[in-house]
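Novice: This is the structure, below, for whatever I ask next.
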Amino acid sequence: MELALGVDIGGTGIKGALVDVTNGTISGEKHYLPTPQPPTPTAIAQSVRELHTRTLPSKDVPIGIAIPAVVHRGRTRTAANIDPEWIDFAAQDLFEEALGQPVALLNDADAAGLAEMRFGAGREEHGSVSIITLGTGIGSAIFIKGELLPSTELGHLTIDGMDCCPWASAAAFHRDGLSWAQWISRLQEYLSYYESLIWPELFIIGGAISEDADRFLPLLQLEARVTPAQLRGDAGIVGAALAAC
Ligand code: BGC
């Protein structure tokens, strides 16, 4: 067993757990805190510290943190579902200061993708794979021959000038009171457009709504194969932990 702490910062909640990075399983308890409002760097760093204390009272293990933003060399460059203060912000430095040790920082969809490619639905895949996470926003992770192209942010593709991220995410399903058929038609439009640009061989669809994959994945009409994520809600935590090792 080789342990790392994975932390997954979302628009709604922040999750953290120790992960056995040799097999991608959560070791011990999973901890959850609601995302502080407003989700500023200082407030989120405090929550991450709290999770760290709850998860790791004494052990010294590597830490990976997944965040819903473009990440370039430790700086967050965008902020769609978190406070605008994160734009062009030295996020890695802030977390390292808050936790008193080095951390790995990466985009949350990239983290989910790393976990799925190593231990989940992408395990045997060597071609062009796109992981799409459907949650508060839409995240994308692209792998070519197992290599990640980081921070692609293709959840924000625009159709007729409209950002697909708030329109076709799982949050839209709930927020706009959509029927499954109405939401699936938005998702279809988004994924068809995505496919016309990238042409992946496989889509892996993640996010909590993928627990209901049977209700929508078989109805999507795409050229690529489509499969649900296997690590479901844990992919971000597991991928963050992998990034730390
Ligand atoms: C953010 C992405 C993130 C996705 C999923 C989007 O709003 O821009 O960075 O991967 O949400 O959380």
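How things are named: the first chain in the structure tokens is A, the next is B, and so on; residues count from 1 in each chain; ligands count from 1 in the order shown.
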From region 88-223 of chain A, collect each residue whose DSSP state is alpha helix (DSSP H) and return the set as a PyMOL selection string.
Specialist: chain A and resi 91-99+108-119+164-168+170-175+180-198+213-216
Novice: Generate a file of the selected residues that holds C-alpha atoms, formatted as a JSON list (two decimals), in the first residue's frame.
Specialist:
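Final file, selection21.json:
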```json
[["chain", "number", "residue", "atom", "x", "y", "z"],
["A", 91, "ALA", "CA", -2.81, 28.73, -5.91],
["A", 92, "GLN", "CA", -0.14, 26.11, -5.35],
["A", 93, "ASP", "CA", 1.86, 28.49, -3.14],
["A", 94, "LEU", "CA", -1.27, 29.24, -1.10],
["A", 95, "PHE", "CA", -2.05, 25.54, -0.50],
["A", 96, "GLU", "CA", 1.57, 24.75, 0.31],
["A", 97, "GLU", "CA", 1.62, 27.51, 2.87],
["A", 98, "ALA", "CA", -1.72, 26.40, 4.35],
["A", 99, "LEU", "CA", -0.66, 22.75, 4.60],
["A", 108, "ASP", "CA", -10.38, 18.59, -11.60],
["A", 109, "ALA", "CA", -11.42, 16.97, -14.90],
["A", 110, "ASP", "CA", -7.77, 16.14, -15.60],
["A", 111, "ALA", "CA", -7.63, 14.47, -12.19],
["A", 112, "ALA", "CA", -10.77, 12.44, -12.92],
["A", 113, "GLY", "CA", -9.26, 11.51, -16.27],
["A", 114, "LEU", "CA", -5.99, 10.31, -14.74],
["A", 115, "ALA", "CA", -7.95, 8.07, -12.37],
["A", 116, "GLU", "CA", -10.19, 6.65, -15.08],
["A", 117, "MET", "CA", -7.26, 5.98, -17.42],
["A", 118, "ARG", "CA", -5.25, 4.22, -14.70],
["A", 119, "PHE", "CA", -7.93, 2.31, -12.80],
["A", 164, "CYS", "CA", -22.32, 25.00, -23.08],
["A", 165, "CYS", "CA", -20.93, 24.64, -19.54],
["A", 166, "PRO", "CA", -23.85, 26.10, -17.55],
["A", 167, "TRP", "CA", -26.35, 24.99, -20.24],
["A", 168, "ALA", "CA", -25.70, 21.23, -20.50],
["A", 170, "ALA", "CA", -25.78, 18.26, -14.52],
["A", 171, "ALA", "CA", -26.45, 21.46, -12.57],
["A", 172, "ALA", "CA", -28.60, 22.70, -15.50],
["A", 173, "PHE", "CA", -30.69, 19.54, -15.30],
["A", 174, "HIS", "CA", -31.64, 20.38, -11.72],
["A", 175, "ARG", "CA", -31.53, 24.19, -11.92],
["A", 180, "TRP", "CA", -34.41, 13.63, -18.90],
["A", 181, "ALA", "CA", -35.39, 14.07, -22.58],
["A", 182, "GLN", "CA", -34.81, 17.84, -22.45],
["A", 183, "TRP", "CA", -31.46, 17.49, -20.74],
["A", 184, "ILE", "CA", -30.33, 14.66, -23.02],
["A", 185, "SER", "CA", -31.08, 16.80, -26.06],
["A", 186, "ARG", "CA", -28.79, 19.55, -24.68],
["A", 187, "LEU", "CA", -26.09, 17.00, -23.89],
["A", 188, "GLN", "CA", -26.44, 15.50, -27.36],
["A", 189, "GLU", "CA", -25.98, 18.90, -28.97],
["A", 190, "TYR", "CA", -22.92, 19.63, -26.86],
["A", 191, "LEU", "CA", -21.26, 16.22, -27.40],
["A", 192, "SER", "CA", -22.00, 16.21, -31.14],
["A", 193, "TYR", "CA", -20.30, 19.56, -31.46],
["A", 194, "TYR", "CA", -17.37, 18.37, -29.33],
["A", 195, "GLU", "CA", -17.09, 15.27, -31.50],
["A", 196, "SER", "CA", -17.05, 17.29, -34.70],
["A", 197, "LEU", "CA", -13.94, 19.10, -33.39],
["A", 198, "ILE", "CA", -11.97, 16.39, -31.58],
["A", 213, "ALA", "CA", -25.86, 6.44, -16.91],
["A", 214, "ASP", "CA", -28.47, 3.85, -17.95],
["A", 215, "ARG", "CA", -31.03, 6.65, -18.29],
["A", 216, "PHE", "CA", -29.09, 8.70, -20.79]]
```
Novice: Would you kindly return, as a VMD selection string, each protein, DNA or RNA residue with an atom no farther than 7 Å from any atom of region 218-234 of chain A, considering only C-alpha atoms and excluding same-chain residues fewer than 3 positions away?
Specialist: chain A and resid 116 120 to 121 188 192 200 to 208 210 to 211 213 to 214 237 to 238
Novice: Write to file, as a PDB file, in the first residue's frame, the residues of the selection just made, with N, CA and C atoms.
Specialist:
```
ATOM      1  N   GLU A 116      -9.474   7.568 -14.185  1.00  0.00           N
ATOM      2  CA  GLU A 116     -10.189   6.646 -15.079  1.00  0.00           C
ATOM      3  C   GLU A 116      -9.230   5.904 -16.018  1.00  0.00           C
ATOM      4  N   GLY A 120      -9.878   2.887 -14.185  1.00  0.00           N
ATOM      5  CA  GLY A 120     -11.303   2.810 -14.498  1.00  0.00           C
ATOM      6  C   GLY A 120     -11.585   2.449 -15.945  1.00  0.00           C
ATOM      7  N   ALA A 121     -12.539   3.184 -16.537  1.00  0.00           N
ATOM      8  CA  ALA A 121     -13.060   2.831 -17.862  1.00  0.00           C
ATOM      9  C   ALA A 121     -12.032   2.993 -18.980  1.00  0.00           C
ATOM     10  N   GLN A 188     -26.686  16.000 -26.005  1.00  0.00           N
ATOM     11  CA  GLN A 188     -26.437  15.496 -27.363  1.00  0.00           C
ATOM     12  C   GLN A 188     -25.844  16.602 -28.234  1.00  0.00           C
ATOM     13  N   SER A 192     -22.141  16.294 -29.680  1.00  0.00           N
ATOM     14  CA  SER A 192     -22.001  16.207 -31.141  1.00  0.00           C
ATOM     15  C   SER A 192     -21.043  17.288 -31.636  1.00  0.00           C
ATOM     16  N   PRO A 200     -12.847  11.946 -30.661  1.00  0.00           N
ATOM     17  CA  PRO A 200     -12.228  10.898 -29.815  1.00  0.00           C
ATOM     18  C   PRO A 200     -12.731   9.524 -30.237  1.00  0.00           C
ATOM     19  N   GLU A 201     -11.976   8.496 -29.889  1.00  0.00           N
ATOM     20  CA  GLU A 201     -12.454   7.134 -30.151  1.00  0.00           C
ATOM     21  C   GLU A 201     -13.406   6.688 -29.048  1.00  0.00           C
ATOM     22  N   LEU A 202     -13.195   7.266 -27.862  1.00  0.00           N
ATOM     23  CA  LEU A 202     -14.021   6.892 -26.716  1.00  0.00           C
ATOM     24  C   LEU A 202     -14.340   8.123 -25.870  1.00  0.00           C
ATOM     25  N   PHE A 203     -15.617   8.233 -25.485  1.00  0.00           N
ATOM     26  CA  PHE A 203     -16.010   9.202 -24.461  1.00  0.00           C
ATOM     27  C   PHE A 203     -16.223   8.439 -23.167  1.00  0.00           C
ATOM     28  N   ILE A 204     -15.621   8.924 -22.080  1.00  0.00           N
ATOM     29  CA  ILE A 204     -15.926   8.392 -20.752  1.00  0.00           C
ATOM     30  C   ILE A 204     -16.699   9.495 -20.031  1.00  0.00           C
ATOM     31  N   ILE A 205     -17.918   9.191 -19.611  1.00  0.00           N
ATOM     32  CA  ILE A 205     -18.772  10.221 -19.019  1.00  0.00           C
ATOM     33  C   ILE A 205     -18.810  10.052 -17.505  1.00  0.00           C
ATOM     34  N   GLY A 206     -18.347  11.090 -16.799  1.00  0.00           N
ATOM     35  CA  GLY A 206     -18.271  11.030 -15.338  1.00  0.00           C
ATOM     36  C   GLY A 206     -19.104  12.110 -14.669  1.00  0.00           C
ATOM     37  N   GLY A 207     -18.879  12.266 -13.377  1.00  0.00           N
ATOM     38  CA  GLY A 207     -19.695  13.180 -12.568  1.00  0.00           C
ATOM     39  C   GLY A 207     -20.784  12.362 -11.895  1.00  0.00           C
ATOM     40  N   ALA A 208     -21.360  12.927 -10.838  1.00  0.00           N
ATOM     41  CA  ALA A 208     -22.336  12.163 -10.039  1.00  0.00           C
ATOM     42  C   ALA A 208     -23.495  11.660 -10.884  1.00  0.00           C
ATOM     43  N   SER A 210     -23.481  10.370 -13.636  1.00  0.00           N
ATOM     44  CA  SER A 210     -23.159   9.129 -14.365  1.00  0.00           C
ATOM     45  C   SER A 210     -23.606   7.888 -13.576  1.00  0.00           C
ATOM     46  N   GLU A 211     -23.992   8.093 -12.303  1.00  0.00           N
ATOM     47  CA  GLU A 211     -24.614   6.982 -11.561  1.00  0.00           C
ATOM     48  C   GLU A 211     -25.909   6.568 -12.265  1.00  0.00           C
ATOM     49  N   ALA A 213     -26.283   6.572 -15.506  1.00  0.00           N
ATOM     50  CA  ALA A 213     -25.859   6.439 -16.908  1.00  0.00           C
ATOM     51  C   ALA A 213     -26.874   5.677 -17.757  1.00  0.00           C
ATOM     52  N   ASP A 214     -27.515   4.661 -17.182  1.00  0.00           N
ATOM     53  CA  ASP A 214     -28.472   3.851 -17.952  1.00  0.00           C
ATOM     54  C   ASP A 214     -29.608   4.691 -18.517  1.00  0.00           C
ATOM     55  N   ILE A 237     -10.784  12.621  -6.512  1.00  0.00           N
ATOM     56  CA  ILE A 237      -9.928  12.387  -5.339  1.00  0.00           C
ATOM     57  C   ILE A 237      -8.777  11.451  -5.723  1.00  0.00           C
ATOM     58  N   VAL A 238      -9.133  10.374  -6.416  1.00  0.00           N
ATOM     59  CA  VAL A 238      -8.113   9.372  -6.767  1.00  0.00           C
ATOM     60  C   VAL A 238      -7.078   9.981  -7.719  1.00  0.00           C
TER      61      VAL A 238
END
```
Novice: Can you tell me, as a PyMOL selection string, what residues are no more than 9 Å from Ala4 (chain A) when counting only C-alpha atoms, ignoring any on the same chain fewer than 6 positions away?
Specialist: chain A and resi 17-21+61-64+238+240-242+244-245
Novice: Limited to C-alpha atoms, could you put the picked residues into a file as a PDB file, in the first residue's frame?
Specialist:
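File written: again26.pdb
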```pdb
ATOM      1  CA  ALA A  17      -9.562  11.029   1.346  1.00  0.00           C
ATOM      2  CA  LEU A  18      -6.452   8.947   1.632  1.00  0.00           C
ATOM      3  CA  VAL A  19      -5.991   6.880  -1.502  1.00  0.00           C
ATOM      4  CA  ASP A  20      -3.972   3.740  -2.026  1.00  0.00           C
ATOM      5  CA  VAL A  21      -2.301   4.795  -5.254  1.00  0.00           C
ATOM      6  CA  VAL A  61       1.978  11.699   2.834  1.00  0.00           C
ATOM      7  CA  PRO A  62       2.004  13.401  -0.581  1.00  0.00           C
ATOM      8  CA  ILE A  63      -0.985  15.656  -1.305  1.00  0.00           C
ATOM      9  CA  GLY A  64      -2.717  16.316  -4.619  1.00  0.00           C
ATOM     10  CA  VAL A 238      -8.113   9.372  -6.767  1.00  0.00           C
ATOM     11  CA  ALA A 240      -5.480  14.149  -7.369  1.00  0.00           C
ATOM     12  CA  ALA A 241      -3.719  11.574  -5.204  1.00  0.00           C
ATOM     13  CA  LEU A 242      -2.104  10.006  -8.305  1.00  0.00           C
ATOM     14  CA  ALA A 244       0.967  13.790  -6.076  1.00  0.00           C
ATOM     15  CA  CYS A 245       3.053  10.613  -6.531  1.00  0.00           C
TER      16      CYS A 245
END
```
Novice: Restricting the calculation to only C-alpha atoms and all ligand atoms: of A:Thr55, A:Thr158, A:Ser179, A:Thr133, which residue gets closest to ligand 1?
Specialist: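 Of A:Thr55, A:Thr158, A:Ser179, A:Thr133, the one nearest ligand 1 is A:Thr133, counting only C-alpha atoms and all ligand atoms.
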Novice: Sorted by chain and rising residue number, list the residues of chain A at most 6 Å from ligand 1 (counting only C-alpha atoms and all ligand atoms), each with its closest atom pair and distance in Å to one decimal, as CSV.
Specialist:
```
residue,atom,partner,partner_atom_place_in_ligand_line,distance
A:Pro68,CA,ligand 1,9 (O),3.7
A:Ala69,CA,ligand 1,9 (O),3.6
A:Val70,CA,ligand 1,9 (O),5.5
A:Ala80,CA,ligand 1,7 (O),4.5
A:Asn81,CA,ligand 1,7 (O),5.3
A:Asn107,CA,ligand 1,10 (O),5.8
A:Asp108,CA,ligand 1,10 (O),5.1
A:Ala109,CA,ligand 1,10 (O),4.5
A:Gly137,CA,ligand 1,11 (O),3.8
A:Ile138,CA,ligand 1,4 (C),4.5
A:Gly139,CA,ligand 1,10 (O),3.6
A:Glu153,CA,ligand 1,2 (C),5.7
```
Novice: Name the residues of region 10-240 of chain A that come out as strand (DSSP E or B) in a backbone DSSP run; write them as a PyMOL selection string.
Specialist: chain A and resi 13-20+25-34+63-67+71-72+75-76+89+103-107+128-134+138-144+147-149+158-159+162-163+202-206+225-228
Novice: From the set A:Ser151, A:Glu124, A:Arg54, A:Thr22, which residue has the shortest atom-to-atom contact distance to Arg73 (chain A), counting only C-alpha atoms?
Specialist: A:Ser151
